Amino acid sequence: MNYVTEPSRQIPVVAETDVLVVGGGPAGFGAALYAARTGSKVMLIEQYGAIGGVATSGIMSHWTGRQEGGCFAELREKARDCESEQVINPEKLRILMLDMLYKAGVDVQLYTAFSDVIMDGNRVAGVITESKSGREAITCKMLIDSTGDGDVAARAGAPFEKGRDDGGMQPMTIMFKVAGVDMDRAMFFWGMEDTVQLPEGDLQTLGREKLPKPAGHILLYPSSIPGVVTINMTNAIDMDGTNVRDLNHAEYICRNQIPEIIEFLQRYVPGYEGCYLIDSADVIGVRETRRFEAQYQLNEDDISQARVFDDWVVTKSNFFFDLHNVEGAGLDAIAEYKTFKQPEPYTIPLRCFIPRKIEGLLLNGRNISGTHKAHSSYRVMPIVMNMGHAMGIVASMCVAQNKKPLELDIDEIHEQLRRTNVTL
Ligand SMILES: Cc1cc2nc3c(=O)[nH]c(=O)nc-3n(C[C@H](O)[C@H](O)[C@H](O)COP(=O)(O)OP(=O)(O)OC[C@H]3O[C@@H](n4cnc5c(N)ncnc54)[C@H](O)[C@@H]3O)c2cc1C
């Protein structure tokens, strides 16, 4: 490979903040909101023009799993758009999430991509950004990496792993919506083991046979708008969301599947005979990339046995192992949907958010430390939003007390969380 040498240059420091949140998805939203509400000067940068990440730019269908308390409970109530408390209206979320951050005093800067990290020894001291305004620097006392992929942590040199032992990661999907559905007769399929017997055969089996591979499962969710259904059926496998060429390839594969999926629905699924495409996600949805090494790695037993950690920061989480098949359509062999049993809601400890080797940095959202299987449960939006809530409080306390996260008094963290509706 050929290389060019970048000449060194001076970059203007356009902001100095206490807490910098990079990435404005559900996790980054929770982090910025609660760092600001806890009294810190907070800035959030986001590469796209919306707060919400997969929830908005990815036109997501519904909050999955069960998550009580905290930032999520507040947003779910404010964002509710129909009788169901699970169904999402991404357009309403776009307005609401941005407004909530503004009202909390967060300095939100959309259309701004993280480009590089500024290090002071092994401590993260800020970032270099790229935007229409050029290359700029922002310094901070604590940084919360909420990029999903952990772009900041990776650049800082924090060790990570991807996918299962052979590197295989969950597939990518472009969500889309159709209108013209006869809602009185329409069927919805919330899980890949949910099916129906049609005159032509079992619907999920028909999907495997007739849909363009590696698509093949049927996931259809009602929306809050009459006649409109959100569809989670495009599928691209063997892709790495941290590789721009894979992202492009996956985008092409998924876009091309959309017309054939619609034809399949029109032909086989009752209520969808007259459906037509009205919307698709601005960006491809990436389920899994980097999971960083931290002081503790959450595992599947912690989740299925509902372990309560002494240093809990996320509580009352409940979701099955939603592992999409790494090699094709449907659920993965080690996924657990209808077989999933969890006696109580589970907790996530503070140690999962503290990367090894790097200081001044908190992990957040789907990039925290967990196994490939555990990740398939905790990656969902309600849970990551409450991760953000906790990390906002932790970062704010670190700044106020000039301490590292593990030097904080865990009882004081719990007290702050309880005051903000996060309890065991
Ligand atoms: C196709 C699909 C379907 C899903 N279905 C559901 C569902 O039905 N219900 C559910 O609850 N969960 C669902 N999930 C899971 C859930 O949406 C994600 O795991 C969750 O959004 C992760 O939250 P996050 O904040 O960690 O990351 P993200 O939502 O990915 O947000 C990360 C944010 O960081 C920004 N960012 C990234 N890199 C940079 C950078 N370099 N510079 C600046 N900004 C950056 C991104 O633009 C984005 O806004 C689904 C996921 C996918 C992909």
# chains A, B, ... in the order shown; residues from 1 in each chain; ligands from 1
$ residues_around --residues "Leu93 in chain A" --least-positions-apart "5" --cutoff "9 Å" --atoms "only C-alpha atoms" --output "PyMOL selection string"
chain A and resi 51-52+55-56+75+79+88+98
$ write_last_selection --atoms "all heavy atoms" --output "short mmCIF file (atom, residue, chain, number, x, y, z; two decimals), in the first residue's frame"
data_model
loop_
_atom_site.label_atom_id
_atom_site.label_comp_id
_atom_site.auth_asym_id
_atom_site.auth_seq_id
_atom_site.Cartn_x
_atom_site.Cartn_y
_atom_site.Cartn_z
N ILE A 51 -30.39 13.53 16.71
CA ILE A 51 -30.10 12.78 17.93
C ILE A 51 -30.94 11.51 17.87
O ILE A 51 -32.04 11.51 17.33
CB ILE A 51 -30.49 13.62 19.18
CG1 ILE A 51 -29.58 14.85 19.31
CG2 ILE A 51 -30.45 12.78 20.46
CD1 ILE A 51 -28.11 14.54 19.57
N GLY A 52 -30.44 10.41 18.41
CA GLY A 52 -31.24 9.18 18.46
C GLY A 52 -30.56 7.96 17.86
O GLY A 52 -30.96 6.83 18.14
N ALA A 55 -32.34 4.70 16.71
CA ALA A 55 -33.76 4.96 16.99
C ALA A 55 -34.38 5.91 15.97
O ALA A 55 -35.56 5.77 15.62
CB ALA A 55 -33.92 5.54 18.40
N THR A 56 -33.61 6.86 15.47
CA THR A 56 -34.15 7.89 14.57
C THR A 56 -33.58 7.75 13.15
O THR A 56 -34.32 7.46 12.21
CB THR A 56 -33.86 9.30 15.12
OG1 THR A 56 -32.45 9.41 15.37
CG2 THR A 56 -34.64 9.57 16.39
N LEU A 75 -38.25 9.01 28.86
CA LEU A 75 -38.40 9.23 27.42
C LEU A 75 -39.57 8.43 26.85
O LEU A 75 -40.34 8.93 26.03
CB LEU A 75 -37.10 8.88 26.68
CG LEU A 75 -37.18 9.21 25.19
CD1 LEU A 75 -37.13 10.71 24.95
CD2 LEU A 75 -36.08 8.53 24.40
N ALA A 79 -42.40 10.22 24.77
CA ALA A 79 -42.38 9.96 23.32
C ALA A 79 -43.56 9.13 22.85
O ALA A 79 -43.75 8.94 21.66
CB ALA A 79 -41.08 9.22 22.96
N ILE A 88 -42.43 2.94 18.54
CA ILE A 88 -41.70 4.21 18.41
C ILE A 88 -42.18 4.99 17.19
O ILE A 88 -42.41 4.39 16.14
CB ILE A 88 -40.20 3.92 18.21
CG1 ILE A 88 -39.59 3.32 19.46
CG2 ILE A 88 -39.44 5.17 17.81
CD1 ILE A 88 -38.15 2.87 19.25
N LEU A 98 -33.77 15.97 20.88
CA LEU A 98 -32.95 17.18 20.70
C LEU A 98 -33.42 18.27 21.66
O LEU A 98 -32.62 18.94 22.33
CB LEU A 98 -33.05 17.65 19.24
CG LEU A 98 -32.18 18.85 18.84
CD1 LEU A 98 -30.70 18.55 19.06
CD2 LEU A 98 -32.41 19.22 17.38
#
$ residues_around --residues "Thr64 in chain A" --least-positions-apart "6" --cutoff "12 Å" --atoms "only C-alpha atoms" --output "ChimeraX atom specification"
/A:55,72,76,85-88,190-191,221,317-322,376-384
$ closest_atom_pairs --of "range 164-237 of chain A" --to "range 356-374 of chain A" --cutoff "9 Å" --atoms "only C-alpha atoms" --output "tab-separated table"
residue	atom	partner	partner_atom	distance
A:Arg164	CA	A:His372	CA	5.7
A:Asp165	CA	A:His372	CA	8.7
A:Met169	CA	A:His372	CA	8.4
$ residues_near_ligand --ligand "ligand 1" --cutoff "7 Å" --atoms "only C-alpha atoms and all ligand atoms" --output "ChimeraX atom specification"
/A:22-28,45-48,51-55,60-65,112-115,146-149,151,172-175,232,285-287,364-367,379-382,384
$ closest_residue --among "A:Ile128, A:Ser396, A:Gly227, A:Phe264" --to "Glu209 in chain A" --atoms "only C-alpha atoms"
A:Phe264
$ closest_residue --among "A:Glu300, A:Met142, A:Val14, A:His375" --to "Phe340 in chain A" --atoms "only C-alpha atoms"
A:Glu300
$ closest_residue --among "A:Ile225, A:Leu323, A:Leu101, A:Ala179" --to "Leu44 in chain A" --atoms "only C-alpha atoms"
A:Leu101
$ select_by_dssp --residues "range 76-225 of chain A" --states "strand (DSSP E)" --output "MDAnalysis selection string"
chainID A and resid 107:109 113:120 123:131 134:145 160:162 172:173 176:179 197:198 201:202 220:222
$ residues_around --residues "Arg135 in chain A" --least-positions-apart "2" --cutoff "12 Å" --atoms "only C-alpha atoms" --output "PyMOL selection string"
chain A and resi 9-14+112-116+127-133+137-138
$ closest_residue --among "A:Ser40, A:Ser304, A:Thr420, A:Gln297" --to "Arg351 in chain A" --atoms "only C-alpha atoms"
A:Gln297
$ select_by_dssp --residues "range 197-411 of chain A" --states "helix (DSSP H, G or I)" --output "PyMOL selection string"
chain A and resi 203-210+244-268+300-304+350-353+365-367+372-378+381-401+405-407+410-411
$ residues_around --residues "range 328-337 of chain A" --least-positions-apart "6" --cutoff "9 Å" --atoms "only C-alpha atoms" --output "list in words"
Gln170, Pro171, Gly191, Met192, Glu193, Gln204, Arg208, Lys213, Pro214, Ala215, Gly216, His217, Ile218, Met233, Asn235, Ala236, Ile237, Phe320, Phe321, Asp322, Lys373 and Ser376 of chain A
$ write_last_selection --atoms "N, CA, C and O atoms" --output "mmCIF file, in the first residue's frame"
data_model
loop_
_atom_site.group_PDB
_atom_site.id
_atom_site.type_symbol
_atom_site.label_atom_id
_atom_site.label_comp_id
_atom_site.auth_asym_id
_atom_site.auth_seq_id
_atom_site.Cartn_x
_atom_site.Cartn_y
_atom_site.Cartn_z
ATOM 1 N N GLN A 170 -22.962 -10.125 14.156
ATOM 2 C CA GLN A 170 -24.363 -10.156 13.748
ATOM 3 C C GLN A 170 -24.555 -9.389 12.433
ATOM 4 O O GLN A 170 -23.828 -8.427 12.159
ATOM 5 N N PRO A 171 -25.551 -9.781 11.634
ATOM 6 C CA PRO A 171 -25.763 -9.130 10.332
ATOM 7 C C PRO A 171 -26.209 -7.668 10.458
ATOM 8 O O PRO A 171 -26.643 -7.234 11.522
ATOM 9 N N GLY A 191 -40.950 -11.765 16.490
ATOM 10 C CA GLY A 191 -39.761 -12.603 16.673
ATOM 11 C C GLY A 191 -39.617 -13.566 15.512
ATOM 12 O O GLY A 191 -40.609 -13.893 14.832
ATOM 13 N N MET A 192 -38.389 -14.057 15.303
ATOM 14 C CA MET A 192 -38.145 -14.912 14.138
ATOM 15 C C MET A 192 -38.645 -16.333 14.336
ATOM 16 O O MET A 192 -38.572 -17.146 13.429
ATOM 17 N N GLU A 193 -39.145 -16.639 15.554
ATOM 18 C CA GLU A 193 -39.767 -17.945 15.772
ATOM 19 C C GLU A 193 -41.294 -17.820 15.715
ATOM 20 O O GLU A 193 -41.997 -18.792 15.926
ATOM 21 N N GLN A 204 -42.555 -18.507 7.828
ATOM 22 C CA GLN A 204 -41.093 -18.334 7.971
ATOM 23 C C GLN A 204 -40.348 -19.279 7.014
ATOM 24 O O GLN A 204 -39.307 -18.905 6.461
ATOM 25 N N ARG A 208 -37.659 -18.297 3.989
ATOM 26 C CA ARG A 208 -36.337 -18.905 3.734
ATOM 27 C C ARG A 208 -36.195 -19.324 2.268
ATOM 28 O O ARG A 208 -35.136 -19.219 1.669
ATOM 29 N N LYS A 213 -31.543 -14.377 -0.610
ATOM 30 C CA LYS A 213 -30.585 -14.682 0.467
ATOM 31 C C LYS A 213 -29.505 -13.615 0.528
ATOM 32 O O LYS A 213 -29.165 -13.067 -0.507
ATOM 33 N N PRO A 214 -28.951 -13.280 1.679
ATOM 34 C CA PRO A 214 -29.168 -13.900 2.987
ATOM 35 C C PRO A 214 -30.383 -13.361 3.743
ATOM 36 O O PRO A 214 -30.496 -13.626 4.938
ATOM 37 N N ALA A 215 -31.290 -12.597 3.098
ATOM 38 C CA ALA A 215 -32.564 -12.300 3.767
ATOM 39 C C ALA A 215 -33.329 -13.620 3.848
ATOM 40 O O ALA A 215 -32.934 -14.600 3.222
ATOM 41 N N GLY A 216 -34.427 -13.662 4.611
ATOM 42 C CA GLY A 216 -35.149 -14.929 4.691
ATOM 43 C C GLY A 216 -36.082 -15.045 5.883
ATOM 44 O O GLY A 216 -36.858 -15.984 5.963
ATOM 45 N N HIS A 217 -35.990 -14.106 6.840
ATOM 46 C CA HIS A 217 -36.935 -14.189 7.965
ATOM 47 C C HIS A 217 -37.961 -13.054 7.857
ATOM 48 O O HIS A 217 -37.732 -12.055 7.171
ATOM 49 N N ILE A 218 -39.055 -13.231 8.579
ATOM 50 C CA ILE A 218 -40.148 -12.264 8.524
ATOM 51 C C ILE A 218 -40.224 -11.546 9.877
ATOM 52 O O ILE A 218 -40.459 -12.190 10.904
ATOM 53 N N MET A 233 -36.291 -6.783 7.701
ATOM 54 C CA MET A 233 -36.082 -8.041 6.971
ATOM 55 C C MET A 233 -34.906 -8.028 6.008
ATOM 56 O O MET A 233 -34.560 -9.067 5.454
ATOM 57 N N ASN A 235 -30.989 -8.091 5.087
ATOM 58 C CA ASN A 235 -29.970 -8.826 5.842
ATOM 59 C C ASN A 235 -28.659 -8.879 5.057
ATOM 60 O O ASN A 235 -28.652 -9.303 3.898
ATOM 61 N N ALA A 236 -27.572 -8.418 5.685
ATOM 62 C CA ALA A 236 -26.245 -8.526 5.055
ATOM 63 C C ALA A 236 -25.301 -9.179 6.062
ATOM 64 O O ALA A 236 -25.154 -8.683 7.178
ATOM 65 N N ILE A 237 -24.686 -10.292 5.664
ATOM 66 C CA ILE A 237 -23.817 -11.042 6.590
ATOM 67 C C ILE A 237 -22.338 -10.883 6.195
ATOM 68 O O ILE A 237 -22.030 -10.350 5.129
ATOM 69 N N PHE A 320 -34.133 -11.048 26.069
ATOM 70 C CA PHE A 320 -33.579 -12.371 25.716
ATOM 71 C C PHE A 320 -32.272 -12.227 24.921
ATOM 72 O O PHE A 320 -31.789 -11.104 24.711
ATOM 73 N N PHE A 321 -31.694 -13.365 24.515
ATOM 74 C CA PHE A 321 -30.449 -13.311 23.732
ATOM 75 C C PHE A 321 -30.834 -13.217 22.256
ATOM 76 O O PHE A 321 -31.048 -14.236 21.592
ATOM 77 N N ASP A 322 -30.937 -11.988 21.777
ATOM 78 C CA ASP A 322 -31.440 -11.722 20.426
ATOM 79 C C ASP A 322 -30.281 -11.739 19.435
ATOM 80 O O ASP A 322 -29.903 -10.714 18.879
ATOM 81 N N LYS A 373 -22.496 -13.200 23.348
ATOM 82 C CA LYS A 373 -23.894 -13.579 23.620
ATOM 83 C C LYS A 373 -24.561 -12.572 24.565
ATOM 84 O O LYS A 373 -25.714 -12.176 24.346
ATOM 85 N N SER A 376 -25.878 -9.496 22.913
ATOM 86 C CA SER A 376 -27.129 -9.589 22.129
ATOM 87 C C SER A 376 -28.343 -9.248 22.984
ATOM 88 O O SER A 376 -29.421 -8.992 22.457
#
$ atom_distance --atom1 "CA of Val399 in chain A" --atom2 "CA of Leu143 in chain A"
10.5 Å
$ atom_distance --atom1 "CA of Arg123 in chain A" --atom2 "CA of His414 in chain A"
25.8 Å
$ atom_distance --atom1 "CA of Cys82 in chain A" --atom2 "CA of Leu96 in chain A"
15.6 Å
$ residues_around --residues "Lys162 in chain A" --least-positions-apart "3" --cutoff "6 Å" --atoms "only C-alpha atoms" --output "PyMOL selection string"
chain A and resi 167+289-290
$ write_last_selection --atoms "all heavy atoms" --output "tab-separated table (two decimals), in the first residue's frame"
chain	number	residue	atom	x	y	z
A	167	GLY	N	-14.58	-14.17	14.91
A	167	GLY	CA	-14.74	-12.79	14.43
A	167	GLY	C	-16.10	-12.51	13.80
A	167	GLY	O	-16.41	-11.36	13.48
A	289	THR	N	-20.19	-4.49	16.75
A	289	THR	CA	-18.80	-4.34	16.30
A	289	THR	C	-17.88	-4.54	17.52
A	289	THR	O	-17.84	-5.62	18.08
A	289	THR	CB	-18.54	-2.98	15.61
A	289	THR	OG1	-19.03	-1.93	16.46
A	289	THR	CG2	-19.18	-2.91	14.24
A	290	ARG	N	-17.21	-3.46	17.96
A	290	ARG	CA	-16.21	-3.63	19.03
A	290	ARG	C	-16.88	-3.76	20.40
A	290	ARG	O	-17.79	-3.03	20.73
A	290	ARG	CB	-15.27	-2.43	19.07
A	290	ARG	CG	-14.54	-2.18	17.77
A	290	ARG	CD	-13.58	-1.00	17.96
A	290	ARG	NE	-12.93	-0.66	16.71
A	290	ARG	CZ	-13.23	0.43	15.97
A	290	ARG	NH1	-14.16	1.27	16.38
A	290	ARG	NH2	-12.58	0.66	14.84
$ decode --residues "range 10-22 of chain A" --atoms "all heavy atoms" --output "PDB file, in the first residue's frame"
ATOM      1  N   GLN A  10      -1.674  23.519  12.985  1.00  0.00           N
ATOM      2  CA  GLN A  10      -2.333  23.963  14.205  1.00  0.00           C
ATOM      3  C   GLN A  10      -3.835  23.847  14.031  1.00  0.00           C
ATOM      4  O   GLN A  10      -4.386  24.233  12.997  1.00  0.00           O
ATOM      5  CB  GLN A  10      -1.956  25.408  14.478  1.00  0.00           C
ATOM      6  CG  GLN A  10      -0.481  25.537  14.843  1.00  0.00           C
ATOM      7  CD  GLN A  10      -0.300  26.458  16.025  1.00  0.00           C
ATOM      8  OE1 GLN A  10      -0.652  27.620  15.924  1.00  0.00           O
ATOM      9  NE2 GLN A  10       0.241  25.948  17.106  1.00  0.00           N
ATOM     10  N   ILE A  11      -4.488  23.313  15.044  1.00  0.00           N
ATOM     11  CA  ILE A  11      -5.945  23.116  14.975  1.00  0.00           C
ATOM     12  C   ILE A  11      -6.593  23.966  16.062  1.00  0.00           C
ATOM     13  O   ILE A  11      -6.188  23.886  17.229  1.00  0.00           O
ATOM     14  CB  ILE A  11      -6.277  21.621  15.161  1.00  0.00           C
ATOM     15  CG1 ILE A  11      -5.700  20.841  13.980  1.00  0.00           C
ATOM     16  CG2 ILE A  11      -7.775  21.395  15.276  1.00  0.00           C
ATOM     17  CD1 ILE A  11      -5.764  19.363  14.114  1.00  0.00           C
ATOM     18  N   PRO A  12      -7.583  24.784  15.712  1.00  0.00           N
ATOM     19  CA  PRO A  12      -8.186  25.645  16.740  1.00  0.00           C
ATOM     20  C   PRO A  12      -8.975  24.838  17.775  1.00  0.00           C
ATOM     21  O   PRO A  12      -9.708  23.920  17.424  1.00  0.00           O
ATOM     22  CB  PRO A  12      -9.146  26.548  15.939  1.00  0.00           C
ATOM     23  CG  PRO A  12      -9.426  25.800  14.685  1.00  0.00           C
ATOM     24  CD  PRO A  12      -8.209  24.974  14.394  1.00  0.00           C
ATOM     25  N   VAL A  13      -8.800  25.199  19.044  1.00  0.00           N
ATOM     26  CA  VAL A  13      -9.600  24.582  20.113  1.00  0.00           C
ATOM     27  C   VAL A  13     -10.885  25.396  20.210  1.00  0.00           C
ATOM     28  O   VAL A  13     -10.888  26.523  20.706  1.00  0.00           O
ATOM     29  CB  VAL A  13      -8.840  24.585  21.460  1.00  0.00           C
ATOM     30  CG1 VAL A  13      -9.720  23.979  22.558  1.00  0.00           C
ATOM     31  CG2 VAL A  13      -7.522  23.819  21.343  1.00  0.00           C
ATOM     32  N   VAL A  14     -11.984  24.827  19.720  1.00  0.00           N
ATOM     33  CA  VAL A  14     -13.224  25.605  19.644  1.00  0.00           C
ATOM     34  C   VAL A  14     -14.078  25.483  20.895  1.00  0.00           C
ATOM     35  O   VAL A  14     -15.011  26.250  21.100  1.00  0.00           O
ATOM     36  CB  VAL A  14     -14.066  25.215  18.403  1.00  0.00           C
ATOM     37  CG1 VAL A  14     -13.357  25.611  17.120  1.00  0.00           C
ATOM     38  CG2 VAL A  14     -14.396  23.724  18.399  1.00  0.00           C
ATOM     39  N   ALA A  15     -13.783  24.493  21.728  1.00  0.00           N
ATOM     40  CA  ALA A  15     -14.567  24.351  22.974  1.00  0.00           C
ATOM     41  C   ALA A  15     -13.743  23.614  24.023  1.00  0.00           C
ATOM     42  O   ALA A  15     -12.931  22.747  23.685  1.00  0.00           O
ATOM     43  CB  ALA A  15     -15.857  23.594  22.701  1.00  0.00           C
ATOM     44  N   GLU A  16     -13.974  23.999  25.274  1.00  0.00           N
ATOM     45  CA  GLU A  16     -13.367  23.293  26.415  1.00  0.00           C
ATOM     46  C   GLU A  16     -14.530  22.944  27.323  1.00  0.00           C
ATOM     47  O   GLU A  16     -15.261  23.822  27.771  1.00  0.00           O
ATOM     48  CB  GLU A  16     -12.363  24.202  27.125  1.00  0.00           C
ATOM     49  CG  GLU A  16     -11.185  24.559  26.235  1.00  0.00           C
ATOM     50  CD  GLU A  16     -10.241  25.585  26.874  1.00  0.00           C
ATOM     51  OE1 GLU A  16     -10.204  25.658  28.112  1.00  0.00           O
ATOM     52  OE2 GLU A  16      -9.577  26.298  26.112  1.00  0.00           O
ATOM     53  N   THR A  17     -14.722  21.673  27.577  1.00  0.00           N
ATOM     54  CA  THR A  17     -15.904  21.269  28.326  1.00  0.00           C
ATOM     55  C   THR A  17     -15.527  20.320  29.462  1.00  0.00           C
ATOM     56  O   THR A  17     -14.430  19.755  29.474  1.00  0.00           O
ATOM     57  CB  THR A  17     -16.937  20.626  27.357  1.00  0.00           C
ATOM     58  OG1 THR A  17     -18.168  20.466  28.028  1.00  0.00           O
ATOM     59  CG2 THR A  17     -16.472  19.295  26.819  1.00  0.00           C
ATOM     60  N   ASP A  18     -16.471  20.139  30.408  1.00  0.00           N
ATOM     61  CA  ASP A  18     -16.228  19.154  31.470  1.00  0.00           C
ATOM     62  C   ASP A  18     -16.377  17.748  30.905  1.00  0.00           C
ATOM     63  O   ASP A  18     -15.475  16.938  30.940  1.00  0.00           O
ATOM     64  CB  ASP A  18     -17.264  19.313  32.599  1.00  0.00           C
ATOM     65  CG  ASP A  18     -17.059  20.577  33.405  1.00  0.00           C
ATOM     66  OD1 ASP A  18     -15.968  21.167  33.325  1.00  0.00           O
ATOM     67  OD2 ASP A  18     -18.005  20.977  34.114  1.00  0.00           O
ATOM     68  N   VAL A  19     -17.587  17.490  30.399  1.00  0.00           N
ATOM     69  CA  VAL A  19     -17.912  16.144  29.892  1.00  0.00           C
ATOM     70  C   VAL A  19     -18.198  16.248  28.402  1.00  0.00           C
ATOM     71  O   VAL A  19     -19.034  17.049  27.975  1.00  0.00           O
ATOM     72  CB  VAL A  19     -19.155  15.565  30.615  1.00  0.00           C
ATOM     73  CG1 VAL A  19     -19.529  14.206  30.026  1.00  0.00           C
ATOM     74  CG2 VAL A  19     -18.889  15.450  32.121  1.00  0.00           C
ATOM     75  N   LEU A  20     -17.492  15.432  27.617  1.00  0.00           N
ATOM     76  CA  LEU A  20     -17.749  15.392  26.177  1.00  0.00           C
ATOM     77  C   LEU A  20     -18.355  14.028  25.837  1.00  0.00           C
ATOM     78  O   LEU A  20     -17.774  12.985  26.154  1.00  0.00           O
ATOM     79  CB  LEU A  20     -16.445  15.593  25.397  1.00  0.00           C
ATOM     80  CG  LEU A  20     -16.560  15.490  23.879  1.00  0.00           C
ATOM     81  CD1 LEU A  20     -17.491  16.569  23.329  1.00  0.00           C
ATOM     82  CD2 LEU A  20     -15.184  15.594  23.217  1.00  0.00           C
ATOM     83  N   VAL A  21     -19.525  14.060  25.231  1.00  0.00           N
ATOM     84  CA  VAL A  21     -20.172  12.821  24.791  1.00  0.00           C
ATOM     85  C   VAL A  21     -19.998  12.743  23.282  1.00  0.00           C
ATOM     86  O   VAL A  21     -20.404  13.664  22.568  1.00  0.00           O
ATOM     87  CB  VAL A  21     -21.673  12.825  25.168  1.00  0.00           C
ATOM     88  CG1 VAL A  21     -22.350  11.544  24.667  1.00  0.00           C
ATOM     89  CG2 VAL A  21     -21.846  12.969  26.683  1.00  0.00           C
ATOM     90  N   VAL A  22     -19.394  11.677  22.810  1.00  0.00           N
ATOM     91  CA  VAL A  22     -19.217  11.512  21.363  1.00  0.00           C
ATOM     92  C   VAL A  22     -20.215  10.457  20.893  1.00  0.00           C
ATOM     93  O   VAL A  22     -20.160   9.303  21.317  1.00  0.00           O
ATOM     94  CB  VAL A  22     -17.767  11.101  21.017  1.00  0.00           C
ATOM     95  CG1 VAL A  22     -17.607  10.952  19.503  1.00  0.00           C
ATOM     96  CG2 VAL A  22     -16.787  12.128  21.561  1.00  0.00           C
TER      97      VAL A  22
END
